[in-house]
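Take a look at the structure set out below.
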Amino acid sequence: MKRIISGVIGALVVAGAGVGLWLFLDSAASAATVGKTKISASQVAGSVSAVLSERKTVSTSGMQLGVGAALAAQELDLYIISALYADTAASQNISVTQTQIDAEAASILKQAGSAAALKSFEVSREIAAKDFPLFVKTYLLNQDLTALVIKKGTASASAASAVGLLVSAQGSKEGVKVDKKFGTWDAINLAVVAPTGSTPTAGN
């Protein structure tokens, strides 16, 4: 199943150490903004809490799992990237329906083989179950944008890069700002770079 989705959101990097107390004490603050879209620290905190809880439900042996500030950056990534993909798609008159999202989620579950296998995938990719529909929506938008650039003459082998350029341009147009507590925004690689000192940790 990783082959199906692994290339969807290249910005989802894993890095990691203890959940920062500031994340919960300052949850009403803005973690980031994408143009006029505000991503609150409470949204990120909710995803972090869910991810940590869901890790307890599967074997994490061999997984590289983020913690602390690095995990928060990871979760913030999904919110930022999903917003950028949605806005990029909208600028090209592309949208997806809830029916499409539900159908794709069902297809992914079928290919995973079981709910347990899907849960293991989600945990390995630091995706909270509540955020999986957002992940699937972004995947579908990526597929549609890929089809668009190919239709316009981009070679299939270069389509991912072309879509990345579209999303990057949208980010530059709107402006992406990240609270320094979460790290910094890497506009080239489309990723939140966690504060210095965060490193990956292997699951047990």
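Naming works like this for the structure tokens: A, B, ... for the chains as they're shown, residue 1 at the start of each chain, ligands 1 onward in shown order.
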
With only C-alpha atoms as the counted atoms, please give the residues lying no more than 9 Å from A:Leu76, apart from itself and same-chain residues fewer than 6 positions off, as an mmCIF file with C-alpha atoms, in the first residue's frame.
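Result file follows (part39.cif):
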```cif
data_model
loop_
_atom_site.group_PDB
_atom_site.id
_atom_site.type_symbol
_atom_site.label_atom_id
_atom_site.label_comp_id
_atom_site.auth_asym_id
_atom_site.auth_seq_id
_atom_site.Cartn_x
_atom_site.Cartn_y
_atom_site.Cartn_z
ATOM 1 C CA ALA A 31 0.804 27.488 14.513
ATOM 2 C CA ALA A 32 0.921 28.644 10.912
ATOM 3 C CA ILE A 39 -3.850 26.608 11.379
ATOM 4 C CA ALA A 41 -1.831 25.148 17.645
ATOM 5 C CA GLN A 43 -5.349 21.550 15.714
ATOM 6 C CA VAL A 44 -1.747 20.405 15.768
ATOM 7 C CA SER A 47 -3.243 15.464 15.918
ATOM 8 C CA PHE A 182 7.156 24.729 15.390
ATOM 9 C CA VAL A 192 8.233 22.428 8.089
#
```

Task: Contact residues around A:Thr88 with only C-alpha atoms at 8 Å, ignoring same-chain residues under 5 positions, as a list in words - done: Leu166, Val167 and Gln170 of chain A

Give me a file of those residues, with C-alpha atoms, as a short mmCIF file (atom, residue, chain, number, x, y, z; two decimals), in the first residue's frame.
```
data_model
loop_
_atom_site.label_atom_id
_atom_site.label_comp_id
_atom_site.auth_asym_id
_atom_site.auth_seq_id
_atom_site.Cartn_x
_atom_site.Cartn_y
_atom_site.Cartn_z
CA LEU A 166 2.71 24.60 -9.01
CA VAL A 167 2.24 24.05 -5.29
CA GLN A 170 0.94 28.89 -4.84
#
```

Neighbours of A:Lys177 within 9 Å (only C-alpha atoms; same-chain residues fewer than 5 positions away dropped), as an mmCIF file with C-alpha atoms, in the first residue's frame?
```
data_model
loop_
_atom_site.group_PDB
_atom_site.id
_atom_site.type_symbol
_atom_site.label_atom_id
_atom_site.label_comp_id
_atom_site.auth_asym_id
_atom_site.auth_seq_id
_atom_site.Cartn_x
_atom_site.Cartn_y
_atom_site.Cartn_z
ATOM 1 C CA ALA A 31 0.804 27.488 14.513
ATOM 2 C CA ALA A 32 0.921 28.644 10.912
ATOM 3 C CA THR A 33 -0.936 30.562 8.240
ATOM 4 C CA VAL A 34 -1.314 29.763 4.572
ATOM 5 C CA GLY A 35 -2.536 32.946 2.993
ATOM 6 C CA THR A 184 10.653 27.115 9.918
ATOM 7 C CA TRP A 185 9.042 26.730 6.517
#
```

TODO: Write out as a PyMOL selection string all residues of stretch 65-204 of chain A that DSSP puts in alpha helix (DSSP H) for this structure's backbone.
DONE: chain A and resi 68-91+98-112+115-124+132-151+159-174

TODO: Find the residues near stretch 116-124 of chain A: any atom within 7 Å, counting only C-alpha atoms, skip ones fewer than 6 places away on the same chain, and give them as a VMD selection string.
DONE: chain A and resid 51 54 to 55 58 63 109

Open item on the list: Give me, as a PyMOL selection string, all polymer residues having an atom no more than 8 Å from stretch 128-139 of chain A, counting only C-alpha atoms and skipping those fewer than 3 positions away in the same chain.
Closed with: chain A and resi 5+8-9+47-48+50-51+54+78+82+85-86+96+101-102+104-105+119+122-123+142-143

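Each of A:Ala155, A:Ala162, A:Val193, A:Val178 was compared to A:Ala29 using only C-alpha atoms, and A:Val178 turns out to be the nearest.
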
TODO: Between atom CA of A:Lys56 and atom CA of A:Gly113, measure the distance and give it in Å to one decimal.
DONE: 20.7 Å

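Straight-line separation from atom CA of A:Asp186 to atom CA of A:Leu71: 16.4 Å.
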